[in-house]
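Asks: Dropping in model23.cif, which is mmCIF, N, CA and C atoms:
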data_entry
loop_
_atom_site.label_atom_id
_atom_site.label_comp_id
_atom_site.auth_asym_id
_atom_site.auth_seq_id
_atom_site.Cartn_x
_atom_site.Cartn_y
_atom_site.Cartn_z
N MET A 1 0.85 -1.17 0.00
CA MET A 1 0.00 0.00 0.00
C MET A 1 0.90 1.24 0.00
N LYS A 2 0.86 1.94 -1.11
CA LYS A 2 1.78 3.06 -1.34
C LYS A 2 1.68 4.14 -0.27
N GLU A 3 0.47 4.43 0.18
CA GLU A 3 0.28 5.50 1.16
C GLU A 3 1.05 5.22 2.45
N LEU A 4 0.95 4.00 2.96
CA LEU A 4 1.68 3.64 4.18
C LEU A 4 3.18 3.53 3.91
N GLU A 5 3.55 3.06 2.73
CA GLU A 5 4.97 2.99 2.38
C GLU A 5 5.60 4.38 2.45
N GLN A 6 4.87 5.39 2.00
CA GLN A 6 5.39 6.76 2.02
C GLN A 6 5.57 7.25 3.46
N LEU A 7 4.66 6.88 4.36
CA LEU A 7 4.81 7.26 5.77
C LEU A 7 6.13 6.72 6.32
N LEU A 8 6.44 5.48 5.97
CA LEU A 8 7.69 4.87 6.45
C LEU A 8 8.90 5.44 5.72
N TYR A 9 8.82 5.54 4.40
CA TYR A 9 9.94 6.01 3.59
C TYR A 9 10.35 7.43 3.96
N ARG A 10 9.39 8.28 4.21
CA ARG A 10 9.68 9.68 4.51
C ARG A 10 9.97 9.89 6.01
N SER A 11 9.92 8.83 6.78
CA SER A 11 10.21 8.88 8.23
C SER A 11 9.39 9.95 8.93
N VAL A 12 8.11 10.01 8.61
CA VAL A 12 7.25 11.02 9.24
C VAL A 12 6.61 10.51 10.52
N MET A 13 6.84 9.24 10.83
CA MET A 13 6.29 8.71 12.07
C MET A 13 7.24 7.65 12.62
N HIS A 14 7.11 7.42 13.90
CA HIS A 14 7.83 6.33 14.53
C HIS A 14 6.94 5.74 15.62
N PRO A 15 7.08 4.46 15.89
CA PRO A 15 6.18 3.83 16.86
C PRO A 15 6.49 4.27 18.29
N VAL A 16 5.43 4.33 19.08
CA VAL A 16 5.54 4.67 20.50
C VAL A 16 4.73 3.64 21.28
N SER A 17 5.28 3.16 22.35
CA SER A 17 4.57 2.19 23.19
C SER A 17 3.37 2.86 23.84
N ALA A 18 2.22 2.22 23.78
CA ALA A 18 1.01 2.76 24.41
C ALA A 18 1.21 2.93 25.91
N LYS A 19 2.04 2.09 26.50
CA LYS A 19 2.30 2.17 27.94
C LYS A 19 3.03 3.46 28.33
N SER A 20 3.77 4.04 27.36
CA SER A 20 4.53 5.26 27.66
C SER A 20 3.69 6.53 27.53
N LEU A 21 2.47 6.40 27.03
CA LEU A 21 1.60 7.57 26.85
C LEU A 21 0.74 7.82 28.08
N THR A 22 0.49 9.09 28.35
CA THR A 22 -0.42 9.43 29.43
C THR A 22 -1.86 9.20 28.97
N ILE A 23 -2.78 9.20 29.90
CA ILE A 23 -4.20 9.03 29.56
C ILE A 23 -4.64 10.14 28.61
N GLU A 24 -4.19 11.36 28.88
CA GLU A 24 -4.55 12.51 28.03
C GLU A 24 -4.00 12.35 26.61
N GLN A 25 -2.77 11.87 26.49
CA GLN A 25 -2.18 11.65 25.17
C GLN A 25 -2.94 10.57 24.40
N LYS A 26 -3.37 9.54 25.10
CA LYS A 26 -4.15 8.48 24.45
C LYS A 26 -5.49 9.01 23.96
N LYS A 27 -6.12 9.85 24.78
CA LYS A 27 -7.43 10.42 24.40
C LYS A 27 -7.30 11.37 23.21
N SER A 28 -6.19 12.09 23.14
CA SER A 28 -6.05 13.08 22.08
C SER A 28 -5.42 12.52 20.80
N ALA A 29 -5.08 11.23 20.80
CA ALA A 29 -4.48 10.62 19.61
C ALA A 29 -5.50 10.67 18.46
N LEU A 30 -5.01 11.04 17.28
CA LEU A 30 -5.86 11.15 16.10
C LEU A 30 -5.88 9.81 15.36
N ARG A 31 -7.03 9.43 14.86
CA ARG A 31 -7.12 8.20 14.07
C ARG A 31 -6.61 8.47 12.66
N TYR A 32 -5.93 7.49 12.09
CA TYR A 32 -5.49 7.60 10.70
C TYR A 32 -6.59 6.99 9.84
N LEU A 33 -7.06 7.76 8.88
CA LEU A 33 -8.14 7.31 8.00
C LEU A 33 -7.61 7.06 6.60
N MET A 34 -8.15 6.07 5.94
CA MET A 34 -7.77 5.76 4.56
C MET A 34 -9.04 5.77 3.71
N PHE A 35 -9.04 6.61 2.69
CA PHE A 35 -10.18 6.72 1.78
C PHE A 35 -9.81 6.06 0.46
N LEU A 36 -10.71 5.23 -0.06
CA LEU A 36 -10.47 4.52 -1.30
C LEU A 36 -11.43 5.05 -2.37
N LYS A 37 -10.91 5.18 -3.58
CA LYS A 37 -11.73 5.64 -4.70
C LYS A 37 -11.30 4.86 -5.93
N GLU A 38 -12.27 4.34 -6.66
CA GLU A 38 -11.94 3.62 -7.88
C GLU A 38 -11.91 4.61 -9.04
N LYS A 39 -10.79 4.64 -9.74
CA LYS A 39 -10.65 5.53 -10.89
C LYS A 39 -11.32 4.88 -12.10
N ARG A 40 -11.53 5.66 -13.14
CA ARG A 40 -12.16 5.13 -14.36
C ARG A 40 -11.38 3.97 -14.94
N SER A 41 -10.08 3.97 -14.74
CA SER A 41 -9.23 2.89 -15.26
C SER A 41 -9.38 1.60 -14.46
N GLY A 42 -10.09 1.67 -13.34
CA GLY A 42 -10.23 0.51 -12.47
C GLY A 42 -9.22 0.48 -11.34
N GLU A 43 -8.21 1.35 -11.42
CA GLU A 43 -7.19 1.44 -10.39
C GLU A 43 -7.82 2.02 -9.11
N ILE A 44 -7.36 1.53 -7.97
CA ILE A 44 -7.85 2.04 -6.68
C ILE A 44 -6.90 3.13 -6.19
N LYS A 45 -7.44 4.31 -5.96
CA LYS A 45 -6.67 5.44 -5.45
C LYS A 45 -6.90 5.51 -3.95
N ARG A 46 -5.82 5.61 -3.19
CA ARG A 46 -5.92 5.68 -1.72
C ARG A 46 -5.45 7.04 -1.25
N ARG A 47 -6.16 7.60 -0.30
CA ARG A 47 -5.74 8.85 0.32
C ARG A 47 -5.83 8.67 1.83
N GLY A 48 -4.74 8.97 2.50
CA GLY A 48 -4.71 8.83 3.95
C GLY A 48 -4.62 10.19 4.62
N CYS A 49 -5.20 10.27 5.80
CA CYS A 49 -5.10 11.52 6.58
C CYS A 49 -5.40 11.21 8.04
N ALA A 50 -4.99 12.11 8.89
CA ALA A 50 -5.31 12.00 10.31
C ALA A 50 -6.62 12.73 10.55
N GLU A 51 -7.52 12.08 11.27
CA GLU A 51 -8.81 12.69 11.57
C GLU A 51 -8.61 13.77 12.63
N GLY A 52 -8.87 15.01 12.27
CA GLY A 52 -8.56 16.12 13.16
C GLY A 52 -9.68 16.63 14.03
N ARG A 53 -10.80 15.90 14.13
CA ARG A 53 -11.93 16.42 14.91
C ARG A 53 -11.55 16.70 16.37
N LYS A 54 -10.67 15.90 16.93
CA LYS A 54 -10.28 16.11 18.33
C LYS A 54 -9.51 17.42 18.51
N GLN A 55 -8.86 17.89 17.44
CA GLN A 55 -8.10 19.13 17.53
C GLN A 55 -9.01 20.35 17.53
N ARG A 56 -10.24 20.22 17.11
CA ARG A 56 -11.16 21.35 17.05
C ARG A 56 -11.37 21.98 18.42
N VAL A 57 -11.23 21.19 19.44
CA VAL A 57 -11.47 21.67 20.80
C VAL A 57 -10.44 22.70 21.23
N TYR A 58 -9.18 22.48 20.88
CA TYR A 58 -8.13 23.37 21.39
C TYR A 58 -7.38 24.16 20.32
N LYS A 59 -7.76 24.03 19.08
CA LYS A 59 -7.10 24.77 17.99
C LYS A 59 -8.00 25.90 17.51
N THR A 60 -7.39 27.04 17.18
CA THR A 60 -8.17 28.13 16.62
C THR A 60 -8.43 27.84 15.14
N LYS A 61 -9.35 28.58 14.54
CA LYS A 61 -9.67 28.39 13.13
C LYS A 61 -8.44 28.58 12.25
N ASP A 62 -7.62 29.58 12.56
CA ASP A 62 -6.41 29.84 11.78
C ASP A 62 -5.41 28.69 11.87
N GLU A 63 -5.36 28.03 13.01
CA GLU A 63 -4.42 26.92 13.20
C GLU A 63 -4.89 25.64 12.50
N LYS A 64 -6.18 25.55 12.19
CA LYS A 64 -6.72 24.33 11.61
C LYS A 64 -6.85 24.35 10.10
N HIS A 65 -6.82 25.51 9.50
CA HIS A 65 -7.10 25.56 8.06
C HIS A 65 -5.95 25.02 7.23
N SER A 66 -6.29 24.53 6.06
CA SER A 66 -5.31 24.06 5.11
C SER A 66 -5.05 25.17 4.11
N PRO A 67 -3.81 25.55 3.89
CA PRO A 67 -3.53 26.69 3.00
C PRO A 67 -3.77 26.34 1.53
N THR A 68 -5.03 26.26 1.16
CA THR A 68 -5.42 25.94 -0.21
C THR A 68 -5.92 27.22 -0.87
N VAL A 69 -5.53 27.41 -2.11
CA VAL A 69 -5.94 28.61 -2.84
C VAL A 69 -7.45 28.60 -3.08
N SER A 70 -8.07 29.77 -2.99
CA SER A 70 -9.51 29.87 -3.25
C SER A 70 -9.77 29.79 -4.75
N THR A 71 -10.96 29.38 -5.11
CA THR A 71 -11.32 29.28 -6.53
C THR A 71 -11.24 30.65 -7.19
N GLU A 72 -11.73 31.67 -6.50
CA GLU A 72 -11.72 33.03 -7.06
C GLU A 72 -10.30 33.50 -7.34
N ALA A 73 -9.40 33.27 -6.40
CA ALA A 73 -8.00 33.69 -6.58
C ALA A 73 -7.37 32.94 -7.75
N MET A 74 -7.72 31.69 -7.91
CA MET A 74 -7.18 30.90 -9.02
C MET A 74 -7.65 31.47 -10.37
N PHE A 75 -8.95 31.80 -10.46
CA PHE A 75 -9.48 32.37 -11.70
C PHE A 75 -8.84 33.71 -12.03
N ILE A 76 -8.68 34.57 -11.03
CA ILE A 76 -8.08 35.89 -11.25
C ILE A 76 -6.64 35.74 -11.74
N THR A 77 -5.89 34.87 -11.09
CA THR A 77 -4.51 34.63 -11.50
C THR A 77 -4.46 34.09 -12.93
N THR A 78 -5.37 33.18 -13.25
CA THR A 78 -5.41 32.60 -14.60
C THR A 78 -5.70 33.66 -15.65
N ILE A 79 -6.59 34.57 -15.34
CA ILE A 79 -6.92 35.66 -16.27
C ILE A 79 -5.69 36.52 -16.55
N PHE A 80 -4.99 36.90 -15.49
CA PHE A 80 -3.76 37.71 -15.67
C PHE A 80 -2.70 36.94 -16.46
N ASP A 81 -2.57 35.65 -16.16
CA ASP A 81 -1.60 34.83 -16.89
C ASP A 81 -1.91 34.83 -18.39
N ALA A 82 -3.20 34.69 -18.72
CA ALA A 82 -3.60 34.67 -20.13
C ALA A 82 -3.40 36.03 -20.79
N LEU A 83 -3.81 37.11 -20.11
CA LEU A 83 -3.67 38.45 -20.68
C LEU A 83 -2.21 38.83 -20.92
N GLU A 84 -1.35 38.39 -20.02
CA GLU A 84 0.08 38.72 -20.14
C GLU A 84 0.86 37.64 -20.88
N GLU A 85 0.15 36.64 -21.41
CA GLU A 85 0.74 35.55 -22.19
C GLU A 85 1.90 34.88 -21.44
N ARG A 86 1.68 34.61 -20.17
CA ARG A 86 2.70 33.97 -19.34
C ARG A 86 2.73 32.46 -19.60
N ASP A 87 3.90 31.88 -19.41
CA ASP A 87 4.02 30.42 -19.42
C ASP A 87 3.61 29.93 -18.03
N VAL A 88 2.80 28.90 -17.98
CA VAL A 88 2.30 28.38 -16.72
C VAL A 88 2.59 26.88 -16.65
N ALA A 89 3.07 26.44 -15.51
CA ALA A 89 3.31 25.01 -15.28
C ALA A 89 2.52 24.57 -14.05
N ILE A 90 2.01 23.37 -14.10
CA ILE A 90 1.26 22.81 -12.97
C ILE A 90 2.10 21.70 -12.37
N VAL A 91 2.25 21.73 -11.07
CA VAL A 91 3.07 20.74 -10.39
C VAL A 91 2.28 20.08 -9.27
N ASP A 92 2.53 18.81 -9.09
CA ASP A 92 1.93 18.08 -7.98
C ASP A 92 3.06 17.65 -7.06
N ILE A 93 2.96 17.99 -5.80
CA ILE A 93 3.98 17.58 -4.83
C ILE A 93 3.43 16.35 -4.13
N PRO A 94 3.99 15.17 -4.44
CA PRO A 94 3.46 13.95 -3.85
C PRO A 94 3.59 13.96 -2.33
N GLU A 95 2.52 13.51 -1.68
CA GLU A 95 2.50 13.44 -0.21
C GLU A 95 2.95 14.74 0.43
N ALA A 96 2.43 15.85 -0.06
CA ALA A 96 2.87 17.18 0.40
C ALA A 96 2.70 17.34 1.91
N PHE A 97 1.60 16.82 2.45
CA PHE A 97 1.38 17.00 3.90
C PHE A 97 2.44 16.29 4.73
N MET A 98 3.05 15.25 4.16
CA MET A 98 4.10 14.53 4.88
C MET A 98 5.41 15.31 4.91
N GLN A 99 5.53 16.27 4.04
CA GLN A 99 6.76 17.04 3.97
C GLN A 99 6.66 18.38 4.71
N ALA A 100 5.50 18.64 5.30
CA ALA A 100 5.29 19.91 5.99
C ALA A 100 5.97 19.88 7.36
N ASP A 101 6.40 21.05 7.80
CA ASP A 101 6.97 21.17 9.15
C ASP A 101 5.82 21.28 10.15
N ILE A 102 5.84 20.43 11.16
CA ILE A 102 4.82 20.47 12.20
C ILE A 102 5.54 20.81 13.49
N ASP A 103 5.04 21.83 14.17
CA ASP A 103 5.72 22.33 15.36
C ASP A 103 5.17 21.76 16.67
N GLU A 104 4.50 20.62 16.60
CA GLU A 104 3.98 20.01 17.81
C GLU A 104 4.01 18.50 17.68
N LEU A 105 3.95 17.82 18.80
CA LEU A 105 3.92 16.36 18.80
C LEU A 105 2.48 15.91 18.62
N ILE A 106 2.24 15.07 17.63
CA ILE A 106 0.89 14.56 17.37
C ILE A 106 0.96 13.04 17.37
N HIS A 107 0.10 12.43 18.17
CA HIS A 107 0.02 10.98 18.19
C HIS A 107 -1.10 10.55 17.26
N VAL A 108 -0.81 9.58 16.42
CA VAL A 108 -1.78 9.07 15.46
C VAL A 108 -1.94 7.57 15.70
N LYS A 109 -3.19 7.13 15.70
CA LYS A 109 -3.49 5.73 15.96
C LYS A 109 -4.01 5.07 14.68
N LEU A 110 -3.42 3.95 14.32
CA LEU A 110 -3.91 3.17 13.18
C LEU A 110 -4.74 2.02 13.71
N ASN A 111 -5.86 1.74 13.05
CA ASN A 111 -6.76 0.67 13.48
C ASN A 111 -7.00 -0.33 12.36
N GLY A 112 -7.44 -1.51 12.75
CA GLY A 112 -7.93 -2.51 11.80
C GLY A 112 -6.89 -2.96 10.78
N GLU A 113 -7.34 -3.03 9.53
CA GLU A 113 -6.49 -3.56 8.46
C GLU A 113 -5.26 -2.70 8.20
N LEU A 114 -5.33 -1.41 8.54
CA LEU A 114 -4.16 -0.55 8.35
C LEU A 114 -2.99 -1.05 9.19
N VAL A 115 -3.29 -1.57 10.38
CA VAL A 115 -2.23 -2.12 11.24
C VAL A 115 -1.58 -3.33 10.55
N ASP A 116 -2.43 -4.20 9.99
CA ASP A 116 -1.91 -5.39 9.29
C ASP A 116 -1.00 -4.99 8.13
N PHE A 117 -1.43 -4.02 7.33
CA PHE A 117 -0.62 -3.55 6.21
C PHE A 117 0.71 -2.97 6.69
N LEU A 118 0.65 -2.18 7.76
CA LEU A 118 1.86 -1.55 8.28
C LEU A 118 2.86 -2.60 8.77
N VAL A 119 2.37 -3.61 9.46
CA VAL A 119 3.26 -4.66 9.98
C VAL A 119 3.86 -5.48 8.84
N ARG A 120 3.10 -5.66 7.76
CA ARG A 120 3.65 -6.35 6.58
C ARG A 120 4.79 -5.54 5.96
N LEU A 121 4.65 -4.22 5.98
CA LEU A 121 5.69 -3.35 5.42
C LEU A 121 6.91 -3.26 6.32
N ASP A 122 6.66 -3.22 7.63
CA ASP A 122 7.76 -3.10 8.60
C ASP A 122 7.40 -3.91 9.84
N PRO A 123 7.89 -5.16 9.93
CA PRO A 123 7.55 -6.05 11.04
C PRO A 123 7.91 -5.53 12.43
N THR A 124 8.81 -4.54 12.53
CA THR A 124 9.17 -4.02 13.86
C THR A 124 7.99 -3.35 14.54
N TYR A 125 6.98 -2.94 13.77
CA TYR A 125 5.79 -2.31 14.35
C TYR A 125 4.92 -3.31 15.11
N ALA A 126 5.12 -4.61 14.90
CA ALA A 126 4.30 -5.63 15.56
C ALA A 126 4.42 -5.53 17.09
N ALA A 127 5.57 -5.13 17.58
CA ALA A 127 5.78 -5.03 19.03
C ALA A 127 4.96 -3.92 19.67
N PHE A 128 4.39 -3.02 18.85
CA PHE A 128 3.65 -1.87 19.37
C PHE A 128 2.13 -2.04 19.24
N ILE A 129 1.69 -3.20 18.78
CA ILE A 129 0.24 -3.41 18.60
C ILE A 129 -0.41 -3.60 19.97
N VAL A 130 -1.52 -2.90 20.16
CA VAL A 130 -2.31 -3.02 21.38
C VAL A 130 -3.73 -3.36 20.98
N HIS A 131 -4.31 -4.35 21.63
CA HIS A 131 -5.72 -4.71 21.36
C HIS A 131 -6.60 -3.96 22.36
N GLU A 132 -7.52 -3.19 21.83
CA GLU A 132 -8.43 -2.40 22.68
C GLU A 132 -9.84 -2.96 22.60
N ARG A 133 -10.62 -2.64 23.64
CA ARG A 133 -12.04 -3.03 23.64
C ARG A 133 -12.86 -1.97 23.02
#
Show me this structure written as structure tokens.
Replies:
Amino acid sequence: MKELEQLLYRSVMHPVSAKSLTIEQKKSALRYLMFLKEKRSGEIKRRGCAEGRKQRVYKTKDEKHSPTVSTEAMFITTIFDALEERDVAIVDIPEAFMQADIDELIHVKLNGELVDFLVRLDPTYAAFIVHER
């Protein structure tokens, strides 16, 4: 699973023993979600993210937003590019969120089949599996 491989390859996470976490850290851990979409070609596209609902309690609106360009700003820029006959290139930065600087410690919890996939990719994670009720 490419999405989890990127998490390991880019070293954006490392395992932590559940026993070493405080009750508050366990409660505030974000779940890792995986969304699947079938493309027209039949290929399955996967997108992973941390569920941030728990952060809504203590984060301000400015701290939670994703710096994505607005549709209006994109159209205005496109108009100027066309009028001034500028060369324009479109780039995709793979796994961009994994390359962002984060200035805080965030615990993320993987559940279910994601755990199985992760352990298949890196068996050292097996020692950190905890079964919860």
Asks: Closest to A:His14 among A:Lys39, A:His107, A:Arg86, A:Arg46, using only C-alpha atoms?
Replies: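 Counting only C-alpha atoms, the residue closest to A:His14 is A:His107.
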Asks: From chain A, collect each residue whose DSSP state is helix (DSSP H, G or I) and return the set as a VMD selection string.
Replies: chain A and resid 2 to 9 18 to 20 23 to 28 53 to 57 61 to 64 71 to 83 96 to 99 113 to 121 123 to 128
Asks: Looking only at the backbone, which of the residues in stretch 3-131 of chain A does DSSP tag as strand (DSSP E), as a list in words?
Replies: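 Everything in stretch 3-131 of chain A that counts as strand (DSSP E) is Leu30, Arg31, Tyr32, Leu33, Met34, Phe35, Leu36, Lys37, Glu38, Ile44, Lys45, Arg46, Arg47, Gly48, Cys49, Ala50, Val108 and Lys109 of chain A.
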Asks: Please indicate the distance in Å from atom C of A:Arg31 to atom C of A:Asp92, rounded to one decimal place.
Replies: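 Atom C of A:Asp92 lies 23.8 Å from atom C of A:Arg31.
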Asks: Expand the PyMOL selection byres (((chain A and resi 116-132 and name CA) around 9) and name CA) into the individual residues it matches in the shown file, reporting them as a list in words.
Replies: Met1, Leu4, Glu5, Leu8, His14, Pro15, Val16, Ser17, Ala18, Leu110, Asn111, Gly112, Glu113, Leu114, Val115 and Arg133 of chain A
Asks: Selected by the PyMOL selection byres ((chain A and resi 51) around 5) in the shown coordinates: which residues, as a list in words?
Replies: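 When the PyMOL selection byres ((chain A and resi 51) around 5) is applied, the selected residues are Leu30, Arg31, Tyr32, Leu33, Cys49, Ala50, Gly52 and Arg53 of chain A.
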Asks: Can you measure atom C of A:Met34 to atom C of A:Gly48 for me? One decimal in Å is fine.
Replies: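 If I compute the distance from atom C of A:Met34 to atom C of A:Gly48, I get 6.3 Å.
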